[in-house]
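Data file: work-v3.txt. Format and content: compact mmCIF, C-alpha atoms.
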```txt
# COMPACT_ATOMS: atom_id res chain seq x y z
CA MET A 1 -11.09 54.35 17.66
CA THR A 2 -11.12 55.52 14.10
CA ASP A 3 -12.73 52.41 12.58
CA THR A 4 -16.37 52.14 11.63
CA ILE A 5 -18.35 49.57 13.62
CA GLU A 6 -18.25 47.21 10.62
CA GLU A 7 -14.47 47.51 10.31
CA MET A 8 -14.07 46.87 14.02
CA GLN A 9 -16.32 43.78 13.85
CA ALA A 10 -14.35 42.45 10.88
CA LEU A 11 -11.04 43.12 12.64
CA ALA A 12 -12.25 41.31 15.78
CA GLY A 13 -13.43 38.38 13.64
CA GLU A 14 -10.11 38.00 11.81
CA TYR A 15 -8.19 38.40 15.08
CA VAL A 16 -10.06 35.46 16.63
CA LEU A 17 -9.94 33.51 13.37
CA GLY A 18 -6.16 33.97 13.36
CA THR A 19 -5.54 35.38 9.88
CA LEU A 20 -3.91 38.65 11.00
CA SER A 21 -0.13 39.15 10.79
CA LEU A 22 1.93 39.34 13.96
CA ALA A 23 2.08 43.14 13.78
CA GLN A 24 -1.70 43.37 13.30
CA ARG A 25 -2.28 40.93 16.17
CA GLN A 26 -0.06 42.95 18.49
CA ASP A 27 -1.90 46.10 17.48
CA VAL A 28 -5.27 44.52 18.33
CA GLU A 29 -3.91 43.23 21.67
CA ARG A 30 -2.73 46.74 22.56
CA ARG A 31 -6.11 48.22 21.65
CA LEU A 32 -8.03 45.63 23.69
CA ALA A 33 -6.74 47.21 26.89
CA SER A 34 -8.50 50.51 26.28
CA GLU A 35 -11.33 49.73 23.83
CA PRO A 36 -14.25 47.99 25.51
CA LEU A 37 -16.28 47.67 22.31
CA LEU A 38 -13.46 45.91 20.49
CA ARG A 39 -13.01 43.68 23.56
CA ALA A 40 -16.72 42.80 23.53
CA GLU A 41 -16.60 41.98 19.81
CA VAL A 42 -13.56 39.75 20.31
CA ALA A 43 -15.26 37.97 23.22
CA ALA A 44 -18.38 37.40 21.10
CA TRP A 45 -16.28 35.91 18.28
CA GLU A 46 -14.45 33.65 20.75
CA GLN A 47 -17.83 32.30 21.87
CA ARG A 48 -19.19 31.86 18.35
CA LEU A 49 -16.21 29.97 16.97
CA LEU A 50 -15.27 27.91 20.06
CA PRO A 51 -17.12 24.74 18.86
CA LEU A 52 -14.61 24.52 15.98
CA THR A 53 -11.90 23.53 18.49
CA ALA A 54 -13.58 20.11 18.46
CA LEU A 55 -12.11 19.51 14.99
CA ALA A 56 -8.61 19.14 16.48
CA ALA A 57 -8.02 15.57 17.66
CA PRO A 58 -6.76 15.34 21.27
CA VAL A 59 -3.02 14.72 21.71
CA GLU A 60 -1.63 13.37 24.99
CA PRO A 61 1.02 15.78 26.39
CA SER A 62 4.48 14.36 27.23
CA PRO A 63 4.78 13.22 30.87
CA GLY A 64 7.47 15.89 31.43
CA LEU A 65 5.30 18.84 30.47
CA TRP A 66 3.33 19.28 33.68
CA PRO A 67 6.45 19.29 35.92
CA LYS A 68 7.92 21.94 33.59
CA ILE A 69 4.80 24.06 34.03
CA THR A 70 4.91 23.83 37.84
CA ASN A 71 8.60 24.74 37.79
CA SER A 72 7.81 27.85 35.81
CA LEU A 73 5.11 28.84 38.27
CA THR A 74 7.37 28.60 41.29
CA GLY A 75 10.28 30.12 39.38
CA LYS A 76 8.33 33.25 38.53
CA LEU A 77 6.32 33.36 41.74
CA ALA A 78 9.18 34.06 44.10
CA VAL A 79 6.51 34.83 46.68
CA ASN A 80 4.02 32.11 47.46
CA LEU A 81 0.64 33.76 47.79
CA THR A 82 -0.90 31.61 50.52
CA PRO A 83 -1.64 33.34 53.84
CA GLN A 84 0.63 30.90 55.68
CA ALA A 85 3.55 31.82 53.45
CA VAL A 86 2.79 35.51 53.92
CA THR A 87 2.91 35.18 57.70
CA ALA A 88 6.13 33.22 57.48
CA ALA A 89 7.66 35.90 55.27
CA GLY A 90 7.05 38.62 57.83
CA GLY A 91 3.43 39.68 57.64
CA TRP A 92 1.27 41.59 55.24
CA GLN A 93 3.28 44.76 55.14
CA ARG A 94 6.37 43.00 53.88
CA TRP A 95 4.28 40.93 51.50
CA TRP A 96 2.61 44.05 50.20
CA ASP A 97 5.88 45.89 49.77
CA ASP A 98 7.46 43.10 47.81
CA LEU A 99 7.75 44.22 44.23
CA ARG A 100 7.99 40.62 43.09
CA LEU A 101 4.42 40.08 44.21
CA TRP A 102 3.22 42.72 41.79
CA ARG A 103 5.30 41.32 39.01
CA ALA A 104 3.89 37.89 39.73
CA LEU A 105 0.32 39.11 39.88
CA SER A 106 0.50 41.23 36.79
CA GLY A 107 3.13 39.58 34.65
CA GLY A 108 4.32 43.07 33.80
CA ALA A 109 6.56 45.65 35.35
CA VAL A 110 4.52 48.56 34.00
CA PHE A 111 1.61 47.48 36.14
CA ALA A 112 3.84 47.19 39.21
CA THR A 113 5.24 50.65 38.64
CA LEU A 114 1.80 52.16 38.33
CA VAL A 115 0.47 50.57 41.47
CA LEU A 116 3.54 51.42 43.48
CA ALA A 117 3.38 55.00 42.23
CA VAL A 118 -0.15 55.26 43.61
CA LEU A 119 0.84 53.69 46.90
CA LEU A 120 3.95 55.82 47.35
CA THR A 121 2.32 59.14 46.51
CA ARG A 122 -0.65 58.55 48.78
CA GLN A 123 -0.81 61.24 51.43
CA PRO A 124 -0.41 60.12 55.03
CA SER A 125 -3.92 59.78 56.41
CA PRO A 126 -5.53 59.26 59.83
CA ALA A 127 -5.47 55.72 61.11
CA ALA A 128 -9.18 55.26 60.47
CA LEU A 129 -8.63 55.92 56.79
CA GLN A 130 -5.78 53.46 56.39
CA PRO A 131 -6.90 50.95 53.80
CA ALA A 132 -7.98 47.65 55.25
CA TYR A 133 -8.69 46.08 51.88
CA MET A 134 -7.29 46.71 48.49
CA VAL A 135 -8.51 45.60 45.07
CA VAL A 136 -6.66 45.95 41.80
CA LEU A 137 -9.21 46.04 38.98
CA VAL A 138 -7.74 44.45 35.88
CA ALA A 139 -9.10 44.26 32.33
CA PRO A 140 -10.36 40.69 31.75
CA GLN A 141 -7.94 38.60 29.68
CA GLU A 142 -5.41 41.43 29.79
CA ARG A 143 -2.60 42.21 32.15
CA THR A 144 -3.36 45.87 32.42
CA ALA A 145 -4.64 47.31 35.69
CA GLY A 146 -7.32 49.96 35.26
CA TYR A 147 -8.20 50.99 38.80
CA VAL A 148 -7.21 50.51 42.42
CA VAL A 149 -9.94 50.30 45.06
CA GLN A 150 -9.04 50.99 48.70
CA ALA A 151 -11.56 50.30 51.45
CA SER A 152 -11.06 51.33 55.08
CA MET A 153 -12.45 49.68 58.23
CA ASN A 154 -15.00 52.49 58.57
CA ARG A 155 -16.53 51.71 55.18
CA GLN A 156 -14.94 54.54 53.27
CA LEU A 157 -13.96 53.48 49.78
CA THR A 158 -11.85 55.18 47.14
CA LEU A 159 -11.57 54.26 43.48
CA THR A 160 -8.42 55.53 41.74
CA PRO A 161 -7.87 55.25 37.97
CA LEU A 162 -4.46 53.99 36.83
CA GLN A 163 -4.94 54.52 33.12
CA GLY A 164 -7.24 56.26 30.69
CA THR A 165 -10.41 54.44 29.64
CA ALA A 166 -12.10 55.45 26.39
CA VAL A 167 -15.90 55.49 26.84
CA PRO A 168 -18.24 55.98 23.85
CA GLY A 169 -20.51 59.06 24.11
CA ASN A 170 -23.73 57.15 24.69
CA LYS A 171 -22.28 54.86 27.39
CA SER A 172 -21.32 55.10 31.05
CA LEU A 173 -19.05 53.22 33.41
CA GLN A 174 -20.87 51.58 36.32
CA PHE A 175 -19.17 50.33 39.47
CA TRP A 176 -20.42 47.13 41.18
CA THR A 177 -19.55 44.91 44.10
CA LYS A 178 -20.58 41.44 45.18
CA GLY A 179 -19.72 39.73 48.46
CA THR A 180 -18.86 36.04 48.30
CA THR A 181 -22.26 35.02 49.69
CA TRP A 182 -24.43 37.65 48.00
CA LYS A 183 -26.88 36.55 45.36
CA ALA A 184 -26.19 39.39 42.92
CA PRO A 185 -23.89 42.39 42.45
CA VAL A 186 -24.93 45.70 44.00
CA SER A 187 -24.39 48.95 42.09
CA LEU A 188 -22.02 51.48 43.66
CA GLY A 189 -23.07 54.03 41.05
CA LEU A 190 -21.74 55.52 37.85
CA VAL A 191 -18.06 56.39 37.51
CA GLN A 192 -16.69 59.38 35.60
CA PRO A 193 -13.93 58.06 33.34
CA ASN A 194 -10.42 58.89 34.53
CA GLN A 195 -11.53 60.49 37.82
CA SER A 196 -11.08 59.32 41.38
CA LEU A 197 -14.19 58.57 43.39
CA LYS A 198 -14.83 58.48 47.15
CA LEU A 199 -17.80 56.55 48.51
CA ALA A 200 -19.27 55.73 51.91
CA LEU A 201 -20.58 52.16 52.01
CA ASP A 202 -23.13 52.94 54.74
CA LYS A 203 -25.77 50.49 53.57
CA LEU A 204 -23.46 47.60 52.78
CA PRO A 205 -21.68 45.13 55.05
CA GLN A 206 -17.98 45.67 55.77
CA VAL A 207 -15.82 44.73 52.80
CA GLU A 208 -14.53 41.16 53.11
CA SER A 209 -11.70 39.21 51.56
CA ASP A 210 -12.44 37.99 48.04
CA GLN A 211 -15.31 40.42 47.64
CA LEU A 212 -15.74 41.08 43.93
CA PHE A 213 -15.51 44.59 42.46
CA GLU A 214 -16.08 45.32 38.80
CA ILE A 215 -16.71 48.13 36.35
CA THR A 216 -18.99 47.45 33.40
CA LEU A 217 -19.93 49.43 30.31
CA GLU A 218 -23.61 50.34 30.55
CA PRO A 219 -26.14 52.65 28.86
CA GLN A 220 -25.58 56.32 29.64
CA ALA A 221 -28.08 56.39 32.53
CA GLY A 222 -26.69 53.18 34.02
CA SER A 223 -27.94 49.61 33.83
CA PRO A 224 -31.72 49.55 33.24
CA THR A 225 -32.09 46.28 35.19
CA GLY A 226 -30.12 47.05 38.34
CA ARG A 227 -27.73 44.23 37.41
CA PRO A 228 -24.66 44.43 35.15
CA THR A 229 -25.73 44.12 31.51
CA GLY A 230 -22.70 45.30 29.54
CA PRO A 231 -19.17 43.96 29.05
CA ILE A 232 -16.86 43.90 32.07
CA LEU A 233 -14.07 46.42 31.62
CA TYR A 234 -12.23 45.85 34.90
CA ILE A 235 -12.59 43.27 37.63
CA GLY A 236 -10.79 42.20 40.80
CA ARG A 237 -11.19 40.71 44.26
CA ALA A 238 -10.50 42.32 47.62
CA VAL A 239 -7.29 41.47 49.48
CA LYS A 240 -6.87 42.32 53.18
CA VAL A 241 -3.90 44.58 53.67
CA ALA A 242 -4.18 45.94 57.25
CA MET A 243 -1.51 44.73 59.66
CA MET B 1 -17.29 20.01 21.41
CA PRO B 2 -14.66 17.78 22.98
CA PRO B 3 -16.18 15.52 25.59
CA ILE B 4 -16.62 17.26 28.91
CA ALA B 5 -16.56 15.30 32.14
CA ASP B 6 -19.81 15.82 33.97
CA GLY B 7 -19.79 18.56 36.51
CA PHE B 8 -16.27 19.91 36.02
CA ASP B 9 -16.47 23.49 37.25
CA TYR B 10 -14.03 25.56 35.17
CA ASP B 11 -14.98 28.83 36.83
CA ALA B 12 -14.37 27.41 40.32
CA ALA B 13 -11.01 26.01 39.23
CA LEU B 14 -9.97 29.39 37.80
CA HIS B 15 -11.07 31.13 40.96
CA ALA B 16 -8.96 28.72 43.01
CA CYS B 17 -6.00 29.44 40.68
CA ALA B 18 -6.47 33.14 41.36
CA LEU B 19 -6.13 32.36 45.07
CA GLY B 20 -2.86 30.51 44.48
CA ASP B 21 -4.10 26.90 44.42
CA GLN B 22 -1.75 25.01 42.08
CA GLN B 23 -3.82 21.86 42.35
CA ALA B 24 -6.69 23.70 40.69
CA LEU B 25 -4.42 24.47 37.73
CA GLN B 26 -3.43 20.81 37.62
CA ARG B 27 -7.10 19.80 37.57
CA LEU B 28 -7.62 22.05 34.54
CA TYR B 29 -4.58 20.49 32.90
CA GLN B 30 -5.82 16.96 33.55
CA GLN B 31 -9.28 17.90 32.36
CA ASP B 32 -8.35 19.53 29.07
CA GLY B 33 -4.58 19.31 28.52
CA ARG B 34 -4.91 16.80 25.68
CA HIS B 35 -7.67 18.79 23.93
CA LEU B 36 -5.66 21.98 24.29
CA LEU B 37 -2.48 20.33 23.00
CA GLY B 38 -4.47 19.05 20.02
CA VAL B 39 -5.72 22.58 19.27
CA ALA B 40 -2.19 24.05 19.59
CA LEU B 41 -0.63 21.31 17.45
CA ARG B 42 -3.01 21.93 14.55
CA ILE B 43 -1.99 25.60 14.59
CA VAL B 44 1.79 25.47 15.14
CA ARG B 45 2.17 22.08 13.37
CA ARG B 46 5.18 20.87 15.37
CA ARG B 47 4.93 18.76 18.51
CA ASP B 48 7.78 20.50 20.39
CA LEU B 49 6.40 23.96 19.59
CA ALA B 50 2.88 22.88 20.58
CA GLU B 51 4.14 21.74 23.99
CA ASP B 52 5.95 25.07 24.42
CA VAL B 53 2.66 26.82 23.62
CA LEU B 54 0.76 24.73 26.16
CA HIS B 55 3.45 25.43 28.77
CA ASP B 56 3.35 29.19 28.20
CA ALA B 57 -0.45 29.21 28.06
CA PHE B 58 -0.77 27.45 31.44
CA VAL B 59 1.72 29.83 33.05
CA SER B 60 -0.32 32.66 31.56
CA ILE B 61 -3.63 31.16 32.79
CA TRP B 62 -2.12 30.92 36.27
CA HIS B 63 -1.09 34.58 36.29
CA LYS B 64 -4.23 35.89 34.62
CA ALA B 65 -6.79 33.77 36.50
CA ALA B 66 -7.49 36.68 38.87
CA SER B 67 -8.58 38.85 35.96
CA PHE B 68 -11.04 36.25 34.70
CA ASP B 69 -14.62 36.97 35.71
CA ALA B 70 -15.78 33.67 37.09
CA GLY B 71 -19.39 34.77 37.36
CA ARG B 72 -20.40 34.23 33.77
CA GLY B 73 -19.68 30.59 33.22
CA ALA B 74 -17.27 31.02 30.33
CA GLY B 75 -14.16 29.55 31.95
CA ARG B 76 -13.66 26.76 29.45
CA GLY B 77 -13.91 29.07 26.46
CA TRP B 78 -11.47 31.47 28.08
CA ILE B 79 -8.86 28.73 28.57
CA PHE B 80 -9.17 27.61 24.94
CA SER B 81 -8.83 31.23 23.81
CA VAL B 82 -5.63 31.73 25.82
CA VAL B 83 -4.11 28.61 24.23
CA ARG B 84 -5.23 29.50 20.69
CA HIS B 85 -3.85 33.04 20.84
CA GLN B 86 -0.60 31.78 22.34
CA ALA B 87 -0.35 29.34 19.43
CA LEU B 88 -1.28 31.95 16.81
CA ASN B 89 1.29 34.41 18.16
CA ALA B 90 3.94 31.67 18.11
CA LEU B 91 3.00 30.69 14.55
CA ARG B 92 2.95 34.24 13.19
CA SER B 93 6.18 35.18 14.92
CA ARG B 94 7.88 32.06 13.51
CA GLU B 95 6.63 32.97 10.03
CA ARG B 96 8.15 36.39 10.44
CA ASP B 97 11.47 34.82 11.43
CA VAL B 98 11.46 32.27 8.63
CA TYR B 99 10.08 34.36 5.79
CA THR B 100 11.15 37.86 4.99
CA GLY B 101 7.51 38.89 4.92
CA ASP B 102 7.67 40.26 1.37
CA ASN B 103 5.24 39.07 -1.24
CA ASP B 104 7.84 37.15 -3.22
CA ALA B 105 8.50 34.90 -0.26
CA LEU B 106 4.79 34.36 0.32
CA ASP B 107 4.23 33.59 -3.34
CA ALA B 108 7.09 31.10 -3.25
CA LEU B 109 5.48 29.44 -0.23
CA GLN B 110 2.16 29.36 -2.02
CA GLU B 111 3.67 27.71 -5.08
CA ALA B 112 5.52 25.18 -2.95
CA GLN B 113 2.26 24.21 -1.28
CA ASP B 114 0.40 24.11 -4.58
CA GLY B 115 2.93 21.53 -5.70
CA GLN B 116 2.04 19.19 -2.85
CA GLY B 117 -1.69 19.67 -2.98
CA GLU B 118 -2.51 16.00 -2.33
CA HIS B 119 -1.07 16.27 1.20
CA SER B 120 -3.44 18.98 2.34
CA ASN B 121 -6.67 17.34 3.42
CA PRO B 122 -9.82 19.02 2.15
CA VAL B 123 -11.10 21.09 5.06
CA ALA B 124 -14.72 20.36 4.28
CA GLU B 125 -14.30 16.65 5.01
CA GLN B 126 -12.83 17.15 8.46
CA PHE B 127 -15.54 19.58 9.27
CA GLU B 128 -18.47 17.53 8.04
CA LEU B 129 -17.54 14.78 10.47
CA GLN B 130 -18.75 16.97 13.31
CA ALA B 131 -22.50 17.22 13.73
CA GLU B 132 -22.64 18.39 17.34
CA MET B 133 -21.34 21.91 16.85
CA GLY B 134 -24.91 23.15 17.15
CA ARG B 135 -25.78 26.57 15.83
CA LEU B 136 -22.30 27.16 14.41
CA ASN B 137 -22.68 23.99 12.33
CA ASP B 138 -26.03 25.20 10.94
CA CYS B 139 -24.69 28.63 10.12
CA LEU B 140 -21.47 27.32 8.53
CA SER B 141 -23.44 24.90 6.39
CA HIS B 142 -25.41 27.82 4.94
CA LEU B 143 -22.20 29.44 3.67
CA ASP B 144 -20.86 28.52 0.26
CA SER B 145 -17.93 26.14 0.35
CA GLY B 146 -15.23 28.75 -0.33
CA LYS B 147 -16.25 30.88 2.64
CA ARG B 148 -16.82 27.88 4.89
CA ASN B 149 -13.51 26.23 4.10
CA SER B 150 -11.60 29.50 4.42
CA ILE B 151 -13.01 30.05 7.90
CA VAL B 152 -12.40 26.49 9.12
CA CYS B 153 -8.90 26.41 7.62
CA ALA B 154 -7.99 29.66 9.39
CA TYR B 155 -9.48 28.78 12.76
CA VAL B 156 -8.43 25.15 13.04
CA ASP B 157 -5.14 25.07 11.12
CA GLY B 158 -3.99 28.66 11.65
CA CYS B 159 -3.90 29.27 7.89
CA SER B 160 -2.86 32.72 6.70
CA HIS B 161 -4.60 34.32 3.73
CA SER B 162 -1.97 32.99 1.33
CA GLU B 163 -2.10 29.49 2.80
CA ILE B 164 -5.87 29.38 2.35
CA ALA B 165 -5.38 30.54 -1.25
CA ALA B 166 -2.88 27.73 -1.80
CA ARG B 167 -5.05 25.05 -0.21
CA LEU B 168 -8.26 26.04 -1.93
CA HIS B 169 -6.54 26.96 -5.23
CA ALA B 170 -8.12 30.39 -5.20
CA PRO B 171 -6.67 33.86 -5.82
CA LEU B 172 -5.58 35.76 -2.69
CA GLY B 173 -8.09 38.56 -3.29
CA THR B 174 -10.93 36.05 -3.50
CA VAL B 175 -9.89 34.47 -0.20
CA LYS B 176 -9.83 37.84 1.56
CA ALA B 177 -13.33 38.56 0.26
CA TRP B 178 -14.56 35.09 1.29
CA LEU B 179 -13.30 35.61 4.84
CA LYS B 180 -14.76 39.07 5.15
CA ARG B 181 -18.19 38.14 3.78
CA GLY B 182 -18.18 34.74 5.46
CA LEU B 183 -17.55 36.29 8.88
CA ALA B 184 -20.23 38.94 8.33
CA ALA B 185 -22.73 36.24 7.34
CA LEU B 186 -21.81 34.08 10.37
CA ARG B 187 -22.23 37.02 12.68
CA GLU B 188 -25.64 37.71 11.17
CA CYS B 189 -26.67 34.07 11.42
CA MET B 190 -25.50 33.49 15.00
CA GLY B 191 -26.37 36.86 16.47
```
Could you show the structure in this file as structure tokens?
Amino acid sequence: MTDTIEEMQALAGEYVLGTLSLAQRQDVERRLASEPLLRAEVAAWEQRLLPLTALAAPVEPSPGLWPKITNSLTGKLAVNLTPQAVTAAGGWQRWWDDLRLWRALSGGAVFATLVLAVLLTRQPSPAALQPAYMVVLVAPQERTAGYVVQASMNRQLTLTPLQGTAVPGNKSLQFWTKGTTWKAPVSLGLVQPNQSLKLALDKLPQVESDQLFEITLEPQAGSPTGRPTGPILYIGRAVKVAM
Amino acid sequence: MPPIADGFDYDAALHACALGDQQALQRLYQQDGRHLLGVALRIVRRRDLAEDVLHDAFVSIWHKAASFDAGRGAGRGWIFSVVRHQALNALRSRERDVYTGDNDALDALQEAQDGQGEHSNPVAEQFELQAEMGRLNDCLSHLDSGKRNSIVCAYVDGCSHSEIAARLHAPLGTVKAWLKRGLAALRECMG
């Protein structure tokens, strides 16, 4: 991040406006993965300018377009992600091991390689520490995975970074979770950038499927309100992986 | 804003997409497909390309739905953003294929468009038809016409700097300055 704040705001504005060249656009899209401030500026510009989409008159799509879209979904998603299909395909382990799943989820082989690298290099651990739930935290609107969360049945949780995250000096990363029926996210504490973290979830219920995990950019001492206040850097939902 | 059917829950539909529910994606398509195609068509300017953009954008929405944070109620804006950026990337990559990218080619394009000036509708007229854009409308109306038209031309029609210059009959350097100052003023006005 060598730009001044003003330059970054202007770049984000012209990116959303659409006046950048292809090379400049691709450069911004690369930077979005690792620069939360740029991402927040882009998101703010998207919000500001959205009402202008009303100036484009609606155009009815051809009847053949929707079938083409569904074909592309099933073509790329060689694995159907419903639980029934998983069982039919031979259970969670096989589902989990299927590289195509990761390609389908991420849309990118780099992501699949990273996640598999983490899974394959994991040391054998006692049965109690086998992960029961896994969450891949992904940058919103991007395809890049930032962290993997593994939660065991005995409420041990590990957070493993998959890529470097640039954090401004006066900011911190804060880790949150929210069960599907909870009213608000609960803080799991501050996270040191690019370091693994082990936590015991003693005071929280057992992790459940679809439970939300996210990392937000907050003031250095953490959110002053006890709720997320800054932009979301990475987010994902828990998937049960135990046999 | 385009009309929104009462009670359509974009965030819930995206969450269902993330869980593999294709019907949820179809609901989004039925809800906004025609608005999204309209947005894409203005940018890429060819019906077949616009449909390709919509196709690729919906495949992308399907795959990226899990990364969308459904808690903050911005699902509709996110979908429009995915389609717009898909369209802009298609437009800019086509320009790169068609034009050599050097200034001579851009100047030639500019002159060609200058020659058919009557065909390009004045951006201000299209924009003044819309009163319900809320705060953005107020803030845009405070800008002078060069800045306002540059911004609307870029956002709605995918105009590059040189296309804006051609449409508004203004030097390229002036257009770049209009955009820069216009965006800074909008940001100030809207917070």
Item to check | Close residues, region 38-54 of chain A itself excluded, 9 Å, all atoms listed in the file, min 5 positions apart in chain, as a PyMOL selection string | outcome: (chain A and resi 8-9+11-13+15-17+28+31-33+230-233) or (chain B and resi 1-3+35-36+38-39+74+77-78+80-81+127+130+132-137+152+155-156+186-187+190-191)
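Relative to CA of Leu88 (chain B), CA of Gly173 (chain B) is found at 22.2 Å.
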Can you write out as JSON lines which residues of region 164-235 of chain A fall within 10 Å of region 49-73 of chain B, alongside each residue's closest atom pair and its distance in Å to one decimal, counting all atoms listed in the file and ordering rows by chain and ascending residue number?
```
{"residue": "A:Ala184", "atom": "CA", "partner": "B:Gly71", "partner_atom": "CA", "distance": 9.9}
{"residue": "A:Leu212", "atom": "CA", "partner": "B:Asp69", "partner_atom": "CA", "distance": 9.3}
{"residue": "A:Glu214", "atom": "CA", "partner": "B:Asp69", "partner_atom": "CA", "distance": 9.0}
{"residue": "A:Ile232", "atom": "CA", "partner": "B:Asp69", "partner_atom": "CA", "distance": 8.1}
{"residue": "A:Tyr234", "atom": "CA", "partner": "B:Ser67", "partner_atom": "CA", "distance": 8.0}
{"residue": "A:Ile235", "atom": "CA", "partner": "B:Ser67", "partner_atom": "CA", "distance": 6.2}
```
Item to check | d(CA of Thr74 (chain A), CA of Ala24 (chain B)) in Å | outcome: 14.9 Å
Next on the checklist: Could you list, as a PyMOL selection string, every residue within 9 Å of Pro61 (chain A), counting only C-alpha atoms and ignoring same-chain residues fewer than 2 positions away?
Outcome noted: (chain A and resi 59+63-66) or (chain B and resi 33-34+37+51+54)
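The coordinates place CA of Arg181 (chain B) at 14.5 Å from CA of Ser141 (chain B).
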Missing atoms in region 221-237 of chain A should be modelled up to N, CA and C atoms and reported as a CSV table (one decimal), in the frame of the given file.
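What follows is the written file part_23.csv:
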```csv
chain,number,residue,atom,x,y,z
A,221,ALA,N,-27.4,56.1,31.2
A,221,ALA,CA,-28.1,56.4,32.5
A,221,ALA,C,-27.8,55.2,33.5
A,222,GLY,N,-27.0,54.3,33.2
A,222,GLY,CA,-26.7,53.2,34.0
A,222,GLY,C,-27.5,52.0,33.6
A,223,SER,N,-27.2,50.8,34.2
A,223,SER,CA,-27.9,49.6,33.8
A,223,SER,C,-29.4,49.8,34.1
A,224,PRO,N,-30.3,49.4,33.1
A,224,PRO,CA,-31.7,49.6,33.2
A,224,PRO,C,-32.3,48.5,34.2
A,225,THR,N,-31.5,47.4,34.4
A,225,THR,CA,-32.1,46.3,35.2
A,225,THR,C,-31.6,46.3,36.6
A,226,GLY,N,-30.7,47.1,37.0
A,226,GLY,CA,-30.1,47.0,38.3
A,226,GLY,C,-29.1,46.0,38.5
A,227,ARG,N,-28.8,45.2,37.4
A,227,ARG,CA,-27.7,44.2,37.4
A,227,ARG,C,-26.8,44.6,36.2
A,228,PRO,N,-25.5,44.1,36.3
A,228,PRO,CA,-24.7,44.4,35.2
A,228,PRO,C,-25.2,43.8,33.9
A,229,THR,N,-25.2,44.6,32.8
A,229,THR,CA,-25.7,44.1,31.5
A,229,THR,C,-24.7,44.2,30.4
A,230,GLY,N,-23.7,45.1,30.6
A,230,GLY,CA,-22.7,45.3,29.5
A,230,GLY,C,-21.4,44.5,29.8
A,231,PRO,N,-20.4,44.7,28.9
A,231,PRO,CA,-19.2,44.0,29.0
A,231,PRO,C,-18.4,44.5,30.3
A,232,ILE,N,-17.7,43.5,30.9
A,232,ILE,CA,-16.9,43.9,32.1
A,232,ILE,C,-15.6,44.5,31.6
A,233,LEU,N,-15.3,45.7,32.0
A,233,LEU,CA,-14.1,46.4,31.6
A,233,LEU,C,-12.9,46.1,32.6
A,234,TYR,N,-13.3,46.1,33.9
A,234,TYR,CA,-12.2,45.8,34.9
A,234,TYR,C,-12.8,45.0,36.0
A,235,ILE,N,-12.1,44.1,36.6
A,235,ILE,CA,-12.6,43.3,37.6
A,235,ILE,C,-11.5,42.9,38.6
A,236,GLY,N,-11.8,42.7,39.9
A,236,GLY,CA,-10.8,42.2,40.8
A,236,GLY,C,-11.5,41.8,42.1
A,237,ARG,N,-10.7,41.1,43.0
A,237,ARG,CA,-11.2,40.7,44.3
A,237,ARG,C,-10.4,41.4,45.4
```
